[in-house]
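Engineer: This is the content of final_38.txt (compact mmCIF, C-alpha atoms):
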```txt
# COMPACT_ATOMS: atom_id res chain seq x y z
CA MET A 1 0.00 0.00 0.00
CA PRO A 2 1.57 3.34 -1.05
CA MET A 3 2.01 5.89 1.72
CA ILE A 4 -0.32 8.89 1.57
CA THR A 5 1.67 12.13 1.56
CA PRO A 6 0.36 14.68 4.09
CA PRO A 7 -0.79 18.01 2.63
CA ILE A 8 1.45 21.04 3.04
CA ASP A 9 0.99 22.53 6.51
CA THR A 10 0.64 26.26 5.89
CA ASN A 11 0.81 26.90 9.65
CA ARG A 12 4.02 24.88 10.28
CA LYS A 13 6.17 27.99 10.73
CA ALA A 14 3.85 29.38 13.42
CA LYS A 15 3.88 26.01 15.24
CA LEU A 16 7.68 25.86 15.26
CA GLU A 17 7.91 29.48 16.43
CA ALA A 18 5.47 28.76 19.28
CA PHE A 19 7.59 25.79 20.41
CA ASP A 20 10.75 27.87 20.19
CA ARG A 21 9.05 30.55 22.29
CA LEU A 22 8.25 27.97 24.99
CA LEU A 23 11.86 26.72 25.00
CA THR A 24 13.09 30.31 25.44
CA ILE A 25 10.65 31.01 28.30
CA MET A 26 11.71 27.74 29.99
CA ASP A 27 15.37 28.78 29.79
CA GLU A 28 14.55 32.17 31.31
CA LEU A 29 12.42 30.74 34.13
CA ARG A 30 15.02 28.14 35.01
CA LEU A 31 17.60 30.91 35.48
CA ASN A 32 15.44 33.57 37.14
CA CYS A 33 12.42 32.11 38.97
CA PRO A 34 13.09 30.81 42.52
CA TRP A 35 10.42 28.11 42.21
CA ASP A 36 11.44 26.91 38.75
CA LYS A 37 15.12 26.85 39.72
CA LYS A 38 14.41 24.42 42.59
CA GLN A 39 12.45 21.83 40.62
CA THR A 40 13.79 18.33 39.92
CA LEU A 41 12.53 15.34 37.97
CA GLU A 42 11.20 13.92 41.23
CA SER A 43 9.50 17.11 42.42
CA LEU A 44 7.64 17.51 39.12
CA ARG A 45 6.45 13.92 38.95
CA HIS A 46 3.29 14.19 41.06
CA LEU A 47 2.40 17.50 39.41
CA THR A 48 2.64 15.86 35.98
CA ILE A 49 0.34 13.05 37.10
CA GLU A 50 -2.19 15.62 38.31
CA GLU A 51 -2.03 17.47 34.97
CA VAL A 52 -2.68 14.24 33.06
CA TYR A 53 -5.76 13.55 35.18
CA GLU A 54 -6.98 17.10 34.54
CA LEU A 55 -6.57 16.47 30.81
CA SER A 56 -8.51 13.24 31.21
CA ASP A 57 -11.35 15.10 32.94
CA ALA A 58 -11.47 17.71 30.17
CA ILE A 59 -11.64 14.99 27.52
CA LEU A 60 -14.42 13.12 29.34
CA GLU A 61 -16.35 16.38 29.73
CA GLY A 62 -15.98 17.15 26.03
CA ASP A 63 -14.53 20.58 26.84
CA GLU A 64 -12.08 21.20 24.01
CA GLU A 65 -11.01 24.61 25.33
CA GLU A 66 -9.96 22.95 28.58
CA VAL A 67 -8.25 20.20 26.57
CA ARG A 68 -6.20 22.90 24.84
CA LYS A 69 -5.20 24.44 28.17
CA GLU A 70 -4.32 21.11 29.78
CA LEU A 71 -2.26 20.06 26.76
CA GLY A 72 -0.28 23.27 27.21
CA ASP A 73 0.42 22.36 30.85
CA ILE A 74 1.57 18.87 29.87
CA ILE A 75 3.81 20.13 27.06
CA LEU A 76 5.32 22.57 29.56
CA HIS A 77 6.14 19.65 31.85
CA MET A 78 7.76 17.72 28.99
CA VAL A 79 9.92 20.74 28.14
CA PHE A 80 10.73 21.18 31.86
CA TYR A 81 11.94 17.56 32.15
CA ALA A 82 14.01 17.96 28.98
CA LYS A 83 15.59 21.14 30.35
CA ILE A 84 16.57 19.38 33.58
CA GLY A 85 17.97 16.49 31.55
CA GLU A 86 20.01 18.95 29.49
CA GLU A 87 21.44 20.53 32.64
CA ARG A 88 22.43 17.07 33.87
CA LYS A 89 23.89 16.24 30.44
CA SER A 90 21.58 13.20 30.23
CA PHE A 91 19.27 14.22 27.37
CA ASP A 92 17.71 17.32 25.84
CA VAL A 93 14.54 18.15 23.93
CA ALA A 94 16.20 17.30 20.58
CA SER A 95 17.21 13.81 21.72
CA VAL A 96 13.76 13.28 23.25
CA LEU A 97 11.95 14.25 20.03
CA ASN A 98 14.34 12.37 17.75
CA GLY A 99 13.97 9.35 20.01
CA ILE A 100 10.19 9.26 19.65
CA CYS A 101 10.46 9.86 15.89
CA ASP A 102 12.84 6.91 15.52
CA LYS A 103 10.57 4.78 17.69
CA LEU A 104 7.48 5.58 15.61
CA ILE A 105 9.26 4.76 12.36
CA HIS A 106 10.63 1.49 13.76
CA ARG A 107 7.27 0.40 15.18
CA HIS A 108 5.37 1.18 11.96
CA PRO A 109 7.13 -1.12 9.47
CA HIS A 110 3.85 -1.37 7.52
CA ILE A 111 4.30 2.33 6.70
CA TYR A 112 8.07 2.79 6.56
CA SER A 113 9.13 -0.70 5.45
CA ASP A 114 7.72 -3.70 3.59
CA VAL A 115 5.72 -5.37 6.40
CA GLU A 116 2.02 -5.88 5.69
CA ALA A 117 -0.66 -4.91 8.22
CA ASN A 118 -4.07 -4.45 6.68
CA ASP A 119 -6.13 -3.89 9.82
CA GLU A 120 -5.91 -2.46 13.33
CA GLU A 121 -5.33 -5.83 15.03
CA ALA A 122 -2.37 -6.64 12.79
CA VAL A 123 -0.84 -3.25 13.65
CA LYS A 124 -1.28 -3.91 17.39
CA GLN A 125 0.30 -7.35 17.15
CA ASN A 126 3.28 -6.00 15.20
CA TRP A 127 3.70 -3.20 17.76
CA GLU A 128 3.79 -5.64 20.69
CA LYS A 129 6.21 -8.00 18.93
CA ILE A 130 8.62 -5.16 18.13
CA LYS A 131 8.28 -3.80 21.67
CA LEU A 132 9.16 -7.22 23.11
CA LYS A 133 12.32 -7.38 21.00
CA GLU A 134 13.33 -3.81 21.89
CA LYS A 135 12.89 -4.17 25.64
CA GLY A 136 13.80 -7.83 26.00
CA ASN A 137 10.63 -8.55 27.96
CA VAL A 138 9.67 -12.16 28.53
CA SER A 139 6.02 -11.27 27.84
CA VAL A 140 3.99 -8.26 26.77
CA LEU A 141 3.00 -7.76 30.41
CA GLY A 142 6.57 -6.68 31.10
CA GLY A 143 5.66 -3.36 29.48
CA VAL A 144 2.94 -2.53 32.02
CA PRO A 145 4.33 0.19 34.35
CA THR A 146 4.52 -0.90 37.98
CA SER A 147 3.36 2.51 39.24
CA LEU A 148 0.05 2.49 37.36
CA PRO A 149 -3.05 2.78 39.57
CA ALA A 150 -4.37 -0.72 40.26
CA LEU A 151 -7.56 -0.28 38.24
CA VAL A 152 -5.73 1.06 35.20
CA LYS A 153 -3.11 -1.67 35.53
CA ALA A 154 -5.82 -4.35 35.59
CA MET A 155 -7.39 -2.90 32.45
CA ARG A 156 -4.03 -2.73 30.63
CA ILE A 157 -3.21 -6.32 31.60
CA GLN A 158 -6.59 -7.41 30.26
CA GLU A 159 -6.01 -5.55 26.98
CA LYS A 160 -2.55 -7.03 26.51
CA ALA A 161 -3.70 -10.52 27.43
CA ARG A 162 -6.58 -10.18 24.98
CA GLY A 163 -4.06 -9.16 22.34
CA LEU A 164 -2.20 -12.43 22.87
CA ALA A 165 -5.41 -14.32 22.20
CA LEU A 166 -5.81 -12.65 18.81
CA THR A 167 -2.72 -14.21 17.27
CA GLY A 168 -4.59 -17.31 15.96
CA ASN A 169 -6.32 -17.62 12.60
CA THR A 170 -9.76 -18.18 14.07
CA LYS A 171 -11.69 -17.27 17.19
CA ARG A 172 -11.59 -20.91 18.29
CA ARG A 173 -7.80 -21.03 18.08
CA SER A 174 -7.65 -17.64 19.82
CA GLY A 175 -9.72 -18.92 22.69
CA LYS A 176 -7.48 -21.98 23.06
CA LYS A 177 -4.34 -19.82 23.15
CA TRP A 178 -5.95 -17.53 25.73
CA ARG A 179 -6.85 -20.49 27.94
CA LYS A 180 -3.45 -22.14 27.44
CA ARG A 181 -1.39 -19.04 28.19
CA TRP A 182 -3.70 -17.76 30.93
CA PRO A 183 -5.10 -20.45 33.28
CA SER A 184 -8.55 -19.71 34.65
CA SER A 185 -7.12 -18.72 38.04
CA ARG A 186 -4.98 -16.00 36.44
CA ARG A 187 -7.73 -14.83 34.09
CA ASN A 188 -10.10 -14.51 37.04
CA SER A 189 -7.50 -12.69 39.14
CA ILE A 190 -7.42 -9.88 36.58
CA LEU A 191 -11.15 -9.35 36.97
CA ILE A 192 -11.03 -9.78 40.75
CA MET A 193 -8.32 -7.09 40.95
CA ALA A 194 -10.53 -4.64 39.09
CA SER A 195 -13.95 -5.33 40.66
CA PRO A 196 -13.51 -3.85 44.18
CA LEU A 197 -11.73 -0.82 42.77
CA ILE A 198 -14.55 -0.21 40.33
CA ARG A 199 -17.05 -0.39 43.19
CA LYS A 200 -14.96 2.01 45.30
CA LYS A 201 -14.69 4.46 42.41
CA ARG A 202 -18.44 4.37 41.87
CA ARG A 203 -19.08 5.02 45.58
CA LEU A 204 -16.59 7.88 45.58
CA ASN A 205 -18.22 9.44 42.52
CA SER A 206 -21.62 9.18 44.28
CA VAL A 207 -20.23 10.99 47.34
CA ILE A 208 -18.70 13.71 45.14
CA CYS A 209 -22.01 14.22 43.31
CA TYR A 210 -23.85 14.41 46.67
CA LEU A 211 -21.46 17.02 48.05
CA ALA A 212 -21.36 19.11 44.87
```
With the file now loaded, output its structure as structure tokens.
Structural biologist:
Amino acid sequence: MPMITPPIDTNRKAKLEAFDRLLTIMDELRLNCPWDKKQTLESLRHLTIEEVYELSDAILEGDEEEVRKELGDIILHMVFYAKIGEERKSFDVASVLNGICDKLIHRHPHIYSDVEANDEEAVKQNWEKIKLKEKGNVSVLGGVPTSLPALVKAMRIQEKARGLALTGNTKRRSGKKWRKRWPSSRRNSILIMASPLIRKKRRLNSVICYLA
């Protein structure tokens, strides 16, 4: 399948100038603002998590103006981390961006190479296979972050486990692989992990609605 060439972006210059402006402001704040000067990778971590949840809320509420604002906060955090990395001579924004560009090209061989993937499931399977080779994980579950909230982790494990079951040619073969690779006790444990947390979240949401 030939690659579709994106149309010319007539606003590309303005986008690059806006990013350059943010980099300049970050440099200035890091040198002159007492709060910004004190920040570390560790001190920003919990703030970044909060910003991501605020973005999530804006998306769920369908508020695109808030999405725009929250994306700005998150991009600021990414630039902040890159600035700290540059100061520590570990990485900078160029190496960060080039790294993700290289990763996207490598994990999309159906676009940038001669691998065939004609549907979404084939793309997902290729992605997981390449990721396994890159990271040397024994299984796809090795890519699930340990610090994820328990409910989110349970959902991601379920998704990845389901992806393993889709490697067969038929649904029957898929089901057999799912049962073979994931004994009933382990399959059930995924759902058991999620159930009480789902109930707690629902109760908490009820309390919030009552107090609002």
Engineer: Show me, as an MDAnalysis selection string, the residues that have an atom within 12 Å of Lys103 of chain A when counting all atoms listed in the file, minus same-chain residues fewer than 6 positions from it.
Structural biologist: chainID A and resid 95:97 109 112 127 130:131 134
Engineer: Can you measure atom CA of Thr5 of chain A to atom CA of Ala18 of chain A for me? One decimal in Å is fine.
Structural biologist: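 Atom CA of Thr5 of chain A sits 24.6 Å away from atom CA of Ala18 of chain A.
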Engineer: So how many Å separate atom CA of Arg156 of chain A and atom CA of Val79 of chain A, to one decimal?
Structural biologist: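 One can read the atom CA of Arg156 of chain A to atom CA of Val79 of chain A distance as 27.4 Å.
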Engineer: Which residues are near Trp35 of chain A? Cut-off 12 Å, only C-alpha atoms, ignore same chain within fewer than 6 positions. Put them as a VMD selection string.
Structural biologist: chain A and resid 29 43 to 44
Engineer: Nearest to His110 of chain A: which of A:Arg68, A:Lys124, A:His77, A:Lys133 is it, counting only C-alpha atoms?
Structural biologist: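 The shortest atom-to-atom distance to His110 of chain A comes from A:Lys124.
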Engineer: Mind pulling up the distance from atom CA of Gly85 of chain A to atom CA of Arg21 of chain A?
Structural biologist: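 Between atom CA of Arg21 of chain A and atom CA of Gly85 of chain A the gap works out to 19.1 Å.
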Engineer: Measuring atom to atom with all atoms listed in the file, identify which of A:Ala94, A:Leu16, A:Arg88, A:Lys129 is nearest to His108 of chain A.
Structural biologist: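 Result for the nearest residue to His108 of chain A: A:Lys129.
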Engineer: Could you check the closest approach to Ile49 of chain A for each of A:Cys101, A:Ile74, A:Ile4, A:Asn126 and tell me which residue wins, using all atoms listed in the file?
Structural biologist: A:Ile74
Engineer: Of the residues A:Arg45, A:Ile75, A:Ile59, A:Asp9, which is the one nearest to Leu22 of chain A, using only C-alpha atoms?
Structural biologist: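 With only C-alpha atoms as the atom set, the closest residue is A:Ile75.
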Engineer: Ranking A:Ile84, A:Ala58, A:Val67, A:Leu41 by minimum distance to Met26 of chain A and counting only C-alpha atoms, which one comes first?
Structural biologist: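 Among the listed residues, the smallest separation from Met26 of chain A belongs to A:Ile84.
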Engineer: I'd like the contact shell of Arg30 of chain A - 12 Å cut-off, all atoms listed in the file, skipping same-chain residues fewer than 6 positions apart - returned as a PDB file with C-alpha atoms, in the frame of the given file.
Structural biologist:
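Written out: result.pdb:
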```
ATOM      1  CA  LEU A  23      11.860  26.720  25.000  1.00  0.00           C
ATOM      2  CA  THR A  24      13.090  30.310  25.440  1.00  0.00           C
ATOM      3  CA  ASP A  36      11.440  26.910  38.750  1.00  0.00           C
ATOM      4  CA  LYS A  37      15.120  26.850  39.720  1.00  0.00           C
ATOM      5  CA  LYS A  38      14.410  24.420  42.590  1.00  0.00           C
ATOM      6  CA  GLN A  39      12.450  21.830  40.620  1.00  0.00           C
ATOM      7  CA  THR A  40      13.790  18.330  39.920  1.00  0.00           C
ATOM      8  CA  VAL A  79       9.920  20.740  28.140  1.00  0.00           C
ATOM      9  CA  PHE A  80      10.730  21.180  31.860  1.00  0.00           C
ATOM     10  CA  TYR A  81      11.940  17.560  32.150  1.00  0.00           C
ATOM     11  CA  ALA A  82      14.010  17.960  28.980  1.00  0.00           C
ATOM     12  CA  LYS A  83      15.590  21.140  30.350  1.00  0.00           C
ATOM     13  CA  ILE A  84      16.570  19.380  33.580  1.00  0.00           C
ATOM     14  CA  GLU A  86      20.010  18.950  29.490  1.00  0.00           C
ATOM     15  CA  GLU A  87      21.440  20.530  32.640  1.00  0.00           C
TER      16      GLU A  87
END
```
Engineer: Calculated over all atoms listed in the file, which of the candidates A:Thr10, A:Asn118, A:Thr48, A:Asn98 has the smallest distance to Leu76 of chain A?
Structural biologist: A:Thr48
